[in-house]
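The structure file upload_30.cif is reproduced below (mmCIF, C-alpha atoms).
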data_run
#
loop_
_atom_site.label_atom_id
_atom_site.label_comp_id
_atom_site.auth_asym_id
_atom_site.auth_seq_id
_atom_site.Cartn_x
_atom_site.Cartn_y
_atom_site.Cartn_z
CA MET A 225 0.00 0.00 0.00
CA ALA A 226 1.39 3.35 -1.05
CA GLU A 227 2.11 6.06 1.52
CA ASN A 228 -0.30 8.52 -0.17
CA GLU A 229 -3.23 6.13 0.04
CA LYS A 230 -2.63 5.56 3.77
CA ARG A 231 -2.57 9.28 4.43
CA ASP A 232 -5.85 9.68 2.53
CA LEU A 233 -7.61 6.83 4.31
CA GLN A 234 -6.77 7.50 7.95
CA PRO A 235 -8.30 11.01 8.28
CA GLY A 236 -11.46 9.71 6.62
CA ALA A 237 -11.81 6.98 9.20
CA ALA A 238 -11.46 9.46 12.04
CA ASP A 239 -14.09 11.75 10.48
CA GLN A 240 -16.52 8.89 10.09
CA ALA A 241 -15.99 7.69 13.65
CA ALA A 242 -16.43 11.26 14.92
CA GLU A 243 -19.74 11.64 13.09
CA GLU A 244 -21.15 8.44 14.56
CA VAL A 245 -19.80 8.53 18.13
CA PRO A 246 -20.51 11.65 20.25
CA GLU A 247 -17.54 11.02 22.63
CA ILE A 248 -15.10 11.00 19.76
CA ARG A 249 -16.65 14.14 18.33
CA GLU A 250 -16.21 15.92 21.68
CA LEU A 251 -12.63 14.81 21.99
CA ARG A 252 -11.54 15.68 18.46
CA ASP A 253 -10.16 19.10 19.33
CA VAL A 254 -8.68 18.05 22.71
CA PRO A 255 -4.87 17.63 22.72
CA VAL A 256 -3.85 13.98 23.12
CA GLU A 257 -2.10 14.55 26.45
CA GLU A 258 -5.32 16.02 27.91
CA VAL A 259 -7.56 13.08 26.99
CA PRO A 260 -8.46 11.17 30.18
CA THR A 261 -6.62 7.86 30.07
CA ASP A 262 -9.66 5.90 31.24
CA LEU A 263 -11.45 6.94 28.02
CA LEU A 264 -8.69 5.82 25.66
CA PRO A 265 -9.41 2.07 25.44
CA ASP A 266 -13.14 2.67 24.87
CA ILE A 267 -12.49 5.30 22.24
CA ALA A 268 -9.99 3.06 20.49
CA ARG A 269 -12.60 0.29 20.38
CA GLU A 270 -15.24 2.68 19.02
CA VAL A 271 -12.87 3.83 16.31
CA LYS A 272 -12.19 0.24 15.33
CA GLU A 273 -15.92 -0.64 15.29
CA HIS A 274 -16.60 2.28 12.98
CA GLU A 275 -13.62 1.57 10.83
CA PRO A 276 -14.42 2.15 7.12
CA GLU A 277 -14.08 -0.80 4.77
CA ALA A 278 -11.04 0.72 3.04
CA VAL A 279 -9.15 1.06 6.33
CA ARG A 280 -10.18 -2.45 7.36
CA GLU A 281 -8.70 -3.76 4.12
CA VAL A 282 -5.42 -2.01 4.83
CA ARG A 283 -5.35 -3.53 8.30
CA ARG A 284 -6.06 -6.99 6.91
CA GLU A 285 -3.27 -6.58 4.38
CA ILE A 286 -0.85 -5.72 7.17
CA GLU A 287 -2.09 -8.65 9.25
CA ASP A 288 -1.73 -11.01 6.30
CA ALA A 289 1.79 -9.77 5.72
CA LEU A 290 2.61 -10.38 9.40
CA ASP A 291 0.69 -13.67 9.28
CA LYS A 292 -1.19 -12.92 12.54
CA PRO A 293 -3.86 -10.44 13.71
CA ILE A 294 -2.28 -7.30 15.15
CA GLU A 295 -3.99 -8.03 18.48
CA ALA A 296 -2.15 -11.36 18.67
CA ILE A 297 1.17 -9.63 18.08
CA GLU A 298 0.32 -7.04 20.73
CA ASP A 299 -0.60 -9.82 23.17
CA ALA A 300 2.69 -11.59 22.50
CA ALA A 301 4.61 -8.34 23.02
CA ASN A 302 2.75 -7.71 26.29
CA ARG A 303 3.45 -11.24 27.51
CA LEU A 304 7.13 -10.84 26.67
CA ASP A 305 7.12 -7.54 28.53
CA GLU A 306 5.51 -9.14 31.60
CA GLU A 307 7.96 -12.03 31.57
CA THR A 308 11.02 -9.81 31.32
CA THR A 309 9.82 -7.27 33.86
CA PRO A 310 10.21 -8.20 37.54
CA SER A 311 6.66 -8.84 38.69
CA GLY A 312 4.58 -11.16 40.79
CA GLY A 313 5.33 -12.20 44.34
CA LEU A 314 4.99 -10.04 47.41
CA PHE A 315 7.26 -7.18 46.35
CA ALA A 316 7.18 -6.61 42.61
CA THR A 317 9.73 -3.94 41.73
CA ALA A 318 13.23 -3.63 40.28
CA HIS A 319 15.97 -2.89 42.82
CA THR A 320 16.93 0.55 41.52
CA GLU A 321 13.38 1.89 41.21
CA SER A 322 12.20 4.40 43.79
CA LYS A 323 8.77 2.82 44.27
CA THR A 324 7.57 -0.65 45.14
CA VAL A 325 4.37 -2.55 44.42
CA VAL A 326 3.19 -4.53 47.45
CA PHE A 327 0.09 -6.68 46.96
CA GLY A 328 -0.86 -4.46 44.02
CA ARG A 329 -0.43 -1.19 45.97
CA GLU A 330 2.31 1.20 44.93
CA LEU A 331 4.49 2.52 47.77
CA PRO A 332 6.80 5.55 47.19
CA TYR A 333 9.89 3.77 48.60
CA PRO A 334 12.61 1.57 47.09
CA ILE A 335 12.06 -2.15 47.57
CA TYR A 336 14.94 -2.36 50.06
CA THR A 337 13.27 0.20 52.32
CA VAL A 338 9.95 -1.65 52.13
CA VAL A 339 11.70 -4.91 53.08
CA PHE A 340 13.41 -3.08 55.97
CA GLY A 341 10.00 -1.85 57.14
CA ALA A 342 8.66 -5.41 57.01
CA LEU A 343 11.66 -6.70 58.97
CA ALA A 344 11.23 -4.01 61.63
CA VAL A 345 7.50 -4.70 62.00
CA ILE A 346 8.04 -8.48 62.26
CA THR A 347 10.76 -7.91 64.88
CA ALA A 348 8.44 -5.67 66.90
CA VAL A 349 5.73 -8.34 66.73
CA GLU A 350 8.24 -10.98 67.85
CA ILE A 351 9.27 -8.90 70.86
CA ALA A 352 5.63 -8.23 71.74
CA ILE A 353 4.79 -11.95 71.58
CA ALA A 354 7.82 -12.88 73.70
CA GLU A 355 7.02 -10.23 76.29
CA LEU A 356 3.25 -10.62 76.46
CA LEU A 357 2.69 -14.34 76.02
CA SER A 358 3.94 -17.11 78.24
CA ARG A 359 6.58 -19.45 76.77
CA ASP A 360 4.38 -22.29 78.00
CA PHE A 361 1.51 -21.24 75.72
CA PHE A 362 1.59 -23.78 72.88
CA LEU A 363 1.61 -21.14 70.11
CA THR A 364 4.31 -18.82 71.46
CA ILE A 365 7.44 -20.67 70.36
CA PRO A 366 6.04 -21.82 66.96
CA ALA A 367 4.92 -18.24 66.22
CA LEU A 368 8.39 -16.88 67.10
CA LEU A 369 10.08 -19.50 64.92
CA VAL A 370 7.78 -18.79 61.97
CA LEU A 371 8.32 -15.02 62.24
CA SER A 372 12.07 -15.46 62.53
CA THR A 373 12.08 -17.71 59.46
CA ALA A 374 10.07 -15.11 57.56
CA LYS A 375 12.73 -12.49 58.37
CA VAL A 376 15.53 -14.79 57.23
CA VAL A 377 13.69 -15.50 53.97
CA LEU A 378 13.13 -11.78 53.32
CA VAL A 379 16.81 -10.94 53.85
CA VAL A 380 18.05 -13.85 51.76
CA LEU A 381 15.64 -13.29 48.88
CA TYR A 382 15.78 -9.51 48.64
CA TYR A 383 18.97 -8.25 50.30
CA MET A 384 21.12 -11.20 49.20
CA HIS A 385 19.32 -11.28 45.83
CA LEU A 386 18.63 -15.01 45.74
CA LYS A 387 15.22 -14.17 44.28
CA ASP A 388 16.83 -13.09 41.02
CA ASP A 389 20.33 -14.54 41.17
CA ASN A 390 21.67 -17.82 39.85
CA ARG A 391 20.05 -20.90 41.43
CA ILE A 392 23.46 -22.39 42.18
CA TYR A 393 23.92 -19.79 44.94
CA ALA A 394 20.60 -20.80 46.47
CA ILE A 395 21.63 -24.45 46.39
CA ALA A 396 24.93 -23.56 48.08
CA LEU A 397 22.92 -22.08 50.97
CA VAL A 398 19.88 -24.34 51.18
CA LEU A 399 21.77 -27.64 51.15
CA PRO A 400 23.86 -27.00 54.30
CA VAL A 401 20.90 -25.33 56.04
CA PHE A 402 18.77 -28.41 55.32
CA ILE A 403 21.43 -30.85 56.54
CA ALA A 404 22.17 -28.73 59.62
CA THR A 405 18.47 -28.47 60.49
CA ILE A 406 17.92 -32.23 60.18
CA ALA A 407 21.04 -32.92 62.28
CA THR A 408 19.93 -30.44 64.96
CA LEU A 409 16.41 -31.89 65.13
CA PHE A 410 17.94 -35.35 65.49
CA LEU A 411 20.19 -34.17 68.30
CA THR A 412 17.30 -32.54 70.17
CA ALA A 413 15.54 -35.90 70.21
CA VAL A 414 18.50 -37.73 71.73
CA PRO A 415 17.95 -38.27 75.49
CA LEU A 416 20.69 -36.86 77.72
CA ASP A 417 20.99 -39.87 80.01
CA MET B 103 37.05 -7.54 2.95
CA SER B 104 35.08 -6.81 6.06
CA GLU B 105 36.34 -7.40 9.54
CA ALA B 106 33.97 -9.05 11.96
CA ARG B 107 34.39 -8.50 15.66
CA LEU B 108 32.20 -9.64 18.52
CA GLU B 109 31.73 -7.15 21.33
CA HIS B 110 29.62 -7.47 24.43
CA ALA B 111 27.91 -4.57 26.11
CA PRO B 112 29.54 -4.16 29.51
CA THR B 113 27.48 -5.46 32.39
CA HIS B 114 28.19 -5.64 36.08
CA ALA B 115 29.18 -9.24 35.57
CA GLN B 116 31.86 -8.30 33.07
CA GLU B 117 33.64 -5.80 35.23
CA ALA B 118 34.72 -6.15 38.78
CA HIS B 119 36.48 -4.26 41.43
CA GLY B 120 40.23 -4.53 41.16
CA GLY B 121 41.46 -1.44 42.98
CA HIS B 122 42.82 0.14 39.80
CA GLY B 123 40.00 2.44 38.76
CA ALA B 124 36.41 1.98 37.74
CA HIS B 125 36.77 0.51 34.29
CA ARG B 126 38.90 -2.53 34.76
CA HIS B 127 37.32 -5.40 32.84
CA LEU B 128 37.19 -8.85 34.35
CA ASP B 129 36.09 -12.13 32.90
CA PRO B 130 32.38 -12.65 33.78
CA VAL B 131 33.26 -16.16 34.90
CA LYS B 132 35.65 -14.63 37.43
CA VAL B 133 32.91 -12.39 38.78
CA ASP B 134 30.49 -15.30 39.11
CA ASN B 135 33.24 -17.31 40.78
CA LEU B 136 33.79 -14.52 43.31
CA LYS B 137 30.12 -14.59 44.28
CA PHE B 138 29.99 -18.38 44.28
CA ALA B 139 33.11 -18.53 46.46
CA MET B 140 31.42 -16.20 48.94
CA TRP B 141 28.30 -18.38 48.96
CA LEU B 142 30.42 -21.48 49.61
CA PHE B 143 32.18 -19.64 52.45
CA LEU B 144 28.77 -18.72 53.87
CA ALA B 145 27.71 -22.38 53.54
CA SER B 146 30.68 -23.36 55.73
CA GLU B 147 29.67 -20.63 58.18
CA VAL B 148 26.17 -22.13 58.36
CA ILE B 149 27.68 -25.36 59.65
CA ILE B 150 29.92 -23.61 62.20
CA PHE B 151 27.09 -21.53 63.62
CA THR B 152 24.72 -24.51 63.57
CA VAL B 153 27.05 -26.50 65.82
CA LEU B 154 27.02 -23.69 68.39
CA ILE B 155 23.31 -22.96 68.05
CA ALA B 156 22.40 -26.66 68.29
CA THR B 157 24.46 -26.93 71.47
CA TYR B 158 22.47 -24.03 72.95
CA VAL B 159 19.10 -25.36 71.73
CA ILE B 160 19.68 -28.77 73.32
CA PHE B 161 20.61 -27.07 76.59
CA ARG B 162 17.52 -24.85 76.32
CA ILE B 163 15.22 -27.85 75.83
CA HIS B 164 16.58 -29.68 78.85
CA ASN B 165 17.04 -26.66 81.15
CA PRO B 166 14.14 -24.25 80.50
CA GLU B 167 14.17 -22.93 84.07
CA VAL B 168 17.83 -21.81 83.84
CA VAL B 169 17.18 -19.94 80.59
CA LYS B 170 14.06 -18.32 82.05
CA GLU B 171 16.10 -17.07 84.98
CA VAL B 172 18.73 -15.54 82.66
CA HIS B 173 16.04 -13.90 80.53
CA GLU B 174 14.61 -12.27 83.64
CA THR B 175 18.09 -11.08 84.67
CA ALA B 176 19.14 -9.65 81.30
CA GLY B 177 15.82 -8.33 79.97
CA VAL B 178 15.08 -7.89 76.29
CA LEU B 179 15.46 -4.10 75.85
CA LEU B 180 19.17 -3.87 75.13
CA VAL B 181 19.25 -6.81 72.78
CA SER B 182 16.14 -5.53 70.98
CA ILE B 183 17.88 -2.22 70.35
CA ASN B 184 20.87 -4.15 69.03
CA THR B 185 18.63 -6.18 66.75
CA PHE B 186 17.12 -3.04 65.24
CA LEU B 187 20.63 -1.61 64.81
CA LEU B 188 21.77 -4.66 62.87
CA LEU B 189 18.61 -4.74 60.74
CA THR B 190 19.18 -1.07 59.98
CA SER B 191 22.80 -1.78 59.05
CA SER B 192 21.60 -4.41 56.57
CA TRP B 193 19.33 -1.80 55.03
CA THR B 194 22.11 0.80 54.80
CA MET B 195 24.37 -1.85 53.27
CA VAL B 196 21.93 -2.70 50.51
CA MET B 197 21.14 0.98 49.93
CA GLY B 198 24.87 1.48 49.39
CA LEU B 199 24.84 -1.23 46.75
CA ARG B 200 21.80 0.40 45.17
CA ALA B 201 23.56 3.77 45.19
CA ILE B 202 26.57 2.51 43.25
CA GLN B 203 24.30 0.61 40.85
CA MET B 204 22.74 3.99 40.11
CA GLY B 205 26.16 5.66 39.75
CA ASP B 206 26.04 7.53 43.07
CA GLN B 207 29.63 7.26 44.39
CA ARG B 208 29.06 9.59 47.33
CA GLY B 209 25.88 7.73 48.23
CA LEU B 210 27.84 4.48 48.32
CA VAL B 211 30.43 5.92 50.69
CA ARG B 212 27.74 7.48 52.89
CA TRP B 213 25.62 4.33 53.20
CA ILE B 214 28.54 1.94 53.78
CA SER B 215 30.02 4.33 56.35
CA MET B 216 26.69 4.24 58.19
CA THR B 217 26.82 0.44 58.02
CA ALA B 218 30.26 0.48 59.68
CA VAL B 219 29.10 2.89 62.40
CA LEU B 220 26.03 0.76 63.17
CA GLY B 221 28.28 -2.31 63.36
CA VAL B 222 30.55 -0.56 65.85
CA VAL B 223 27.58 0.50 68.00
CA PHE B 224 26.23 -3.06 67.88
CA VAL B 225 29.53 -4.50 69.17
CA ALA B 226 29.74 -1.80 71.85
CA LEU B 227 26.22 -2.59 73.11
CA GLN B 228 27.05 -6.28 73.05
CA GLY B 229 29.98 -5.45 75.32
CA VAL B 230 27.58 -3.61 77.66
CA GLU B 231 25.27 -6.63 77.66
CA TYR B 232 28.15 -8.97 78.47
CA SER B 233 29.22 -6.77 81.38
CA ILE B 234 25.64 -6.79 82.75
CA LEU B 235 25.51 -10.57 82.53
CA ALA B 236 28.97 -10.91 84.08
CA ALA B 237 27.89 -8.65 86.95
CA ALA B 238 24.94 -11.00 87.45
CA GLY B 239 27.34 -13.90 87.76
CA ILE B 240 26.84 -15.36 84.30
CA ALA B 241 30.29 -15.92 82.80
CA ILE B 242 31.68 -18.29 80.23
CA TYR B 243 33.66 -20.27 82.80
CA ASN B 244 31.23 -20.60 85.69
CA SER B 245 27.98 -21.85 84.23
CA GLU B 246 26.76 -24.30 81.66
CA PHE B 247 24.51 -21.62 80.28
CA GLY B 248 27.40 -19.17 79.95
CA MET B 249 29.42 -21.53 77.79
CA ARG B 250 26.52 -22.12 75.45
CA PHE B 251 25.47 -18.48 75.37
CA TYR B 252 28.78 -16.71 74.89
CA ALA B 253 30.16 -19.04 72.19
CA PRO B 254 27.60 -18.27 69.43
CA THR B 255 27.03 -14.62 70.38
CA ALA B 256 30.75 -13.84 70.69
CA LEU B 257 31.55 -15.61 67.42
CA HIS B 258 28.81 -13.51 65.84
CA GLY B 259 30.30 -10.39 67.41
CA ALA B 260 33.67 -11.31 65.91
CA HIS B 261 31.98 -11.55 62.52
CA VAL B 262 30.52 -8.07 63.00
CA ILE B 263 33.99 -6.71 63.85
CA ALA B 264 35.42 -8.36 60.71
CA GLY B 265 32.50 -6.89 58.76
CA VAL B 266 33.21 -3.38 60.08
CA ILE B 267 36.83 -3.67 58.93
CA TRP B 268 35.65 -4.90 55.51
CA ALA B 269 33.13 -2.03 55.35
CA LEU B 270 35.91 0.48 55.98
CA TYR B 271 37.91 -1.15 53.17
CA VAL B 272 34.91 -0.76 50.83
CA VAL B 273 34.56 2.89 51.93
CA ARG B 274 38.25 3.49 51.17
CA ASN B 275 37.84 1.96 47.71
CA GLY B 276 34.68 3.98 47.19
CA LEU B 277 36.51 7.21 48.04
CA ARG B 278 39.14 6.28 45.45
CA GLY B 279 36.44 5.76 42.80
CA ALA B 280 37.06 2.03 42.51
CA TYR B 281 33.39 1.20 41.98
CA SER B 282 30.94 2.20 39.26
CA PRO B 283 27.49 1.15 37.95
CA THR B 284 29.24 -1.50 35.84
CA ASN B 285 31.78 -2.47 38.47
CA TYR B 286 30.35 -3.19 41.89
CA VAL B 287 31.00 -6.85 42.59
CA GLY B 288 33.33 -5.83 45.45
CA VAL B 289 30.40 -4.11 47.18
CA GLU B 290 28.03 -6.96 46.35
CA VAL B 291 30.28 -9.67 47.82
CA PHE B 292 30.76 -7.65 51.01
CA GLY B 293 26.97 -7.22 51.11
CA LEU B 294 26.49 -11.00 51.00
CA TYR B 295 28.77 -11.35 54.02
CA TRP B 296 27.10 -8.55 55.97
CA HIS B 297 23.58 -9.79 55.30
CA PHE B 298 24.61 -13.29 56.34
CA VAL B 299 25.82 -11.85 59.66
CA ASP B 300 22.40 -10.21 59.95
CA VAL B 301 20.66 -13.51 59.18
CA VAL B 302 22.68 -15.29 61.89
CA TRP B 303 21.66 -12.60 64.37
CA ILE B 304 17.98 -12.96 63.42
CA VAL B 305 18.25 -16.66 64.31
CA LEU B 306 20.29 -16.05 67.50
CA PHE B 307 17.94 -13.29 68.67
CA THR B 308 14.90 -15.54 68.41
CA LEU B 309 16.43 -18.77 69.69
CA ILE B 310 18.57 -17.35 72.50
CA TYR B 311 16.79 -14.22 73.66
CA LEU B 312 13.09 -14.74 72.84
CA VAL B 313 12.33 -18.47 72.92
#

Go ahead and express the file in the form of structure tokens.
Amino acid sequence: MAENEKRDLQPGAADQAAEEVPEIRELRDVPVEEVPTDLLPDIAREVKEHEPEAVREVRREIEDALDKPIEAIEDAANRLDEETTPSGGLFATAHTESKTVVFGRELPYPIYTVVFGALAVITAVEIAIAELLSRDFFLTIPALLVLSTAKVVLVVLYYMHLKDDNRIYAIALVLPVFIATIATLFLTAVPLD
Amino acid sequence: MSEARLEHAPTHAQEAHGGHGAHRHLDPVKVDNLKFAMWLFLASEVIIFTVLIATYVIFRIHNPEVVKEVHETAGVLLVSINTFLLLTSSWTMVMGLRAIQMGDQRGLVRWISMTAVLGVVFVALQGVEYSILAAAGIAIYNSEFGMRFYAPTALHGAHVIAGVIWALYVVRNGLRGAYSPTNYVGVEVFGLYWHFVDVVWIVLFTLIYLV
């Protein structure tokens, strides 16, 4: 498709969409940066629904040339983006960014500061449990051990970077910890006399 | 006739601290080996500390009343302050690493200096704690508890002292411009050591002082 034909077709499509959809008509003279972002997906869909046959043909030609619908290519690009961007898990943010996403909420602190906050809170809870609850209460010691383990996991995963680093480093740590834990548990079960 | 040449974009794994300026290139395998060697060292440390901790835990299981008495004597305030100090030092350590990753040389020096200061305060407060316990008659030579208590905590304290010296070495290198956003493995390896010391304290704090 020649460049001239594309330039002729695209303004026509916009005019037609503007005639048929009031929201598009209202937004025609608004600068792009001032269009509310929540309107953009809907407007884009409206434009596509009112796409003239000539424009549709151009799109199909492009899709045929690429051998897949443009939406499929966009989906693939988005998936690739998601896979290569640190995401998921409790704290989903790159180390050098100045904000952190925790359970979907964005906090204005680097991830290391958020982890520090979590460590401090867990430590405070540990101290409160140890001071307020009796050691004889059946949940006190298990709760302290679980909280302590949570702190160790946070430091190892985020401060020592095992979350993102080579697995071989994790194996170098986990293997001796596992053996040492089993050996210690065995020793605690051995009677003294 | 064209000349083909393969070049890699520099990454942190391709350059490492060598004490001769920021742009000394090292084999990436060497950098990975440095980190792996540190992890293997830490693995050996896990075993050493486990022996001492296991000795304490077995004593704790069989002598709960002795441990309860010591807890009442020592209290948890001082050691809680120390715990927060060490957690904070881990945060300043990793913020120093972050600073150099972002090219902030002064930030690196500032954060690692704070790490060293917090380490010094931690050791000083541990000395205060030891003197309180000694005044209460709990020494390494006169009680079964003392032997099992001082061995892991003092070995940990020795690690903190070694870490402070290492931190000062990193600060010195930082002042000389030895690190850069593409050359920070020296900071990273020190960070692994310092965070491990923090991890050991997290375990000691819970098992010895809280449980």

Suppose a student applies the PyMOL selection byres ((chain B and resi 265-279) around 7) to this structure; what residues should they get, written as an NGL selection string? :B and (121 or 123-124 or 207 or 210-211 or 214-215 or 218 or 221-222 or 261-264 or 280-281 or 289 or 296)

Near chain A, which residues of chain B fall within 6 Å when you count all atoms listed in the file, and what do they look like as a list in words?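 Output check: Ala145, Ala156, Ile160, Leu294, Val301, Leu312 and Val313 of chain B.
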
What does the PyMOL selection byres ((chain B and resi 202) around 9) select in this file, as a ChimeraX atom specification? /B:197-201,203-210,281-286,289

Requested write-out: C-alpha atoms of the selected residues, as a PDB file, keeping the file's coordinate frame:
ATOM      1  CA  MET B 197      21.140   0.980  49.930  1.00  0.00           C
ATOM      2  CA  GLY B 198      24.870   1.480  49.390  1.00  0.00           C
ATOM      3  CA  LEU B 199      24.840  -1.230  46.750  1.00  0.00           C
ATOM      4  CA  ARG B 200      21.800   0.400  45.170  1.00  0.00           C
ATOM      5  CA  ALA B 201      23.560   3.770  45.190  1.00  0.00           C
ATOM      6  CA  GLN B 203      24.300   0.610  40.850  1.00  0.00           C
ATOM      7  CA  MET B 204      22.740   3.990  40.110  1.00  0.00           C
ATOM      8  CA  GLY B 205      26.160   5.660  39.750  1.00  0.00           C
ATOM      9  CA  ASP B 206      26.040   7.530  43.070  1.00  0.00           C
ATOM     10  CA  GLN B 207      29.630   7.260  44.390  1.00  0.00           C
ATOM     11  CA  ARG B 208      29.060   9.590  47.330  1.00  0.00           C
ATOM     12  CA  GLY B 209      25.880   7.730  48.230  1.00  0.00           C
ATOM     13  CA  LEU B 210      27.840   4.480  48.320  1.00  0.00           C
ATOM     14  CA  TYR B 281      33.390   1.200  41.980  1.00  0.00           C
ATOM     15  CA  SER B 282      30.940   2.200  39.260  1.00  0.00           C
ATOM     16  CA  PRO B 283      27.490   1.150  37.950  1.00  0.00           C
ATOM     17  CA  THR B 284      29.240  -1.500  35.840  1.00  0.00           C
ATOM     18  CA  ASN B 285      31.780  -2.470  38.470  1.00  0.00           C
ATOM     19  CA  TYR B 286      30.350  -3.190  41.890  1.00  0.00           C
ATOM     20  CA  VAL B 289      30.400  -4.110  47.180  1.00  0.00           C
TER      21      VAL B 289
END

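Atom to atom, atom CA of Phe143 of chain B and atom CA of Arg391 of chain A stand 16.4 Å apart.
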
Report as a PyMOL selection string all protein, DNA and RNA residues lying within 12 Å of Ile240 of chain B, evaluated on all atoms listed in the file, omitting residues in the same chain fewer than 2 positions from it. chain B and resi 168-169+171-173+175-176+231-238+242-252

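Across the structure, atom CA of Val302 of chain B and atom CA of Gly259 of chain B are spaced 10.6 Å apart.
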
So, counting all atoms listed in the file, which residue among B:Trp303, B:Trp213, B:Tyr295, B:Tyr311 is closest to Phe186 of chain B?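 Closest to Phe186 of chain B of all the choices is B:Trp303.
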
Find the residue from B:Thr152, B:Ser146, B:Thr255, B:Gln228 that sits nearest to Ile310 of chain B; use only C-alpha atoms when measuring.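 Result for the nearest residue to Ile310 of chain B: B:Thr255.
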
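If all atoms listed in the file are the atoms counted, then among B:Glu147, B:His258, B:Trp141, B:Leu179 the closest residue to Leu386 of chain A is B:Trp141.
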
Hey, which of A:Asp253, A:Asp299, A:Asp288, A:Gln240 ends up closest to Lys272 of chain A? Count only C-alpha atoms. A:Gln240

As a PDB file, keeping the file's coordinate frame, the rebuilt segment 327-344 of chain A with N, CA and C atoms:
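Just written: selection_9.pdb:
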ATOM      1  N   PHE A 327       1.458  -6.191  47.097  1.00  0.00           N
ATOM      2  CA  PHE A 327       0.090  -6.680  46.960  1.00  0.00           C
ATOM      3  C   PHE A 327      -0.744  -5.756  46.062  1.00  0.00           C
ATOM      4  N   GLY A 328      -0.142  -5.290  44.982  1.00  0.00           N
ATOM      5  CA  GLY A 328      -0.860  -4.460  44.020  1.00  0.00           C
ATOM      6  C   GLY A 328      -0.904  -2.984  44.364  1.00  0.00           C
ATOM      7  N   ARG A 329      -0.445  -2.625  45.582  1.00  0.00           N
ATOM      8  CA  ARG A 329      -0.430  -1.190  45.970  1.00  0.00           C
ATOM      9  C   ARG A 329       0.955  -0.620  45.775  1.00  0.00           C
ATOM     10  N   GLU A 330       1.005   0.586  45.210  1.00  0.00           N
ATOM     11  CA  GLU A 330       2.310   1.200  44.930  1.00  0.00           C
ATOM     12  C   GLU A 330       2.748   2.050  46.121  1.00  0.00           C
ATOM     13  N   LEU A 331       3.939   1.745  46.655  1.00  0.00           N
ATOM     14  CA  LEU A 331       4.490   2.520  47.770  1.00  0.00           C
ATOM     15  C   LEU A 331       5.651   3.380  47.259  1.00  0.00           C
ATOM     16  N   PRO A 332       5.776   4.635  47.746  1.00  0.00           N
ATOM     17  CA  PRO A 332       6.800   5.550  47.190  1.00  0.00           C
ATOM     18  C   PRO A 332       8.187   5.319  47.787  1.00  0.00           C
ATOM     19  N   TYR A 333       8.575   4.080  48.034  1.00  0.00           N
ATOM     20  CA  TYR A 333       9.890   3.770  48.600  1.00  0.00           C
ATOM     21  C   TYR A 333      10.565   2.682  47.771  1.00  0.00           C
ATOM     22  N   PRO A 334      11.911   2.665  47.771  1.00  0.00           N
ATOM     23  CA  PRO A 334      12.610   1.570  47.090  1.00  0.00           C
ATOM     24  C   PRO A 334      12.280   0.232  47.762  1.00  0.00           C
ATOM     25  N   ILE A 335      12.440  -0.829  47.038  1.00  0.00           N
ATOM     26  CA  ILE A 335      12.060  -2.150  47.570  1.00  0.00           C
ATOM     27  C   ILE A 335      12.850  -2.495  48.835  1.00  0.00           C
ATOM     28  N   TYR A 336      14.123  -2.039  48.893  1.00  0.00           N
ATOM     29  CA  TYR A 336      14.940  -2.360  50.060  1.00  0.00           C
ATOM     30  C   TYR A 336      14.387  -1.698  51.320  1.00  0.00           C
ATOM     31  N   THR A 337      13.847  -0.500  51.165  1.00  0.00           N
ATOM     32  CA  THR A 337      13.270   0.200  52.320  1.00  0.00           C
ATOM     33  C   THR A 337      11.976  -0.489  52.755  1.00  0.00           C
ATOM     34  N   VAL A 338      11.194  -0.945  51.795  1.00  0.00           N
ATOM     35  CA  VAL A 338       9.950  -1.650  52.130  1.00  0.00           C
ATOM     36  C   VAL A 338      10.271  -2.946  52.874  1.00  0.00           C
ATOM     37  N   VAL A 339      11.295  -3.668  52.399  1.00  0.00           N
ATOM     38  CA  VAL A 339      11.700  -4.910  53.080  1.00  0.00           C
ATOM     39  C   VAL A 339      12.183  -4.586  54.501  1.00  0.00           C
ATOM     40  N   PHE A 340      12.936  -3.494  54.641  1.00  0.00           N
ATOM     41  CA  PHE A 340      13.410  -3.080  55.970  1.00  0.00           C
ATOM     42  C   PHE A 340      12.216  -2.803  56.890  1.00  0.00           C
ATOM     43  N   GLY A 341      11.212  -2.120  56.360  1.00  0.00           N
ATOM     44  CA  GLY A 341      10.000  -1.850  57.140  1.00  0.00           C
ATOM     45  C   GLY A 341       9.344  -3.152  57.593  1.00  0.00           C
ATOM     46  N   ALA A 342       9.272  -4.108  56.670  1.00  0.00           N
ATOM     47  CA  ALA A 342       8.660  -5.410  57.010  1.00  0.00           C
ATOM     48  C   ALA A 342       9.474  -6.111  58.098  1.00  0.00           C
ATOM     49  N   LEU A 343      10.799  -6.055  57.978  1.00  0.00           N
ATOM     50  CA  LEU A 343      11.660  -6.700  58.970  1.00  0.00           C
ATOM     51  C   LEU A 343      11.473  -6.059  60.351  1.00  0.00           C
ATOM     52  N   ALA A 344      11.390  -4.724  60.360  1.00  0.00           N
ATOM     53  CA  ALA A 344      11.230  -4.010  61.630  1.00  0.00           C
ATOM     54  C   ALA A 344       9.886  -4.357  62.280  1.00  0.00           C
TER      55      ALA A 344
END
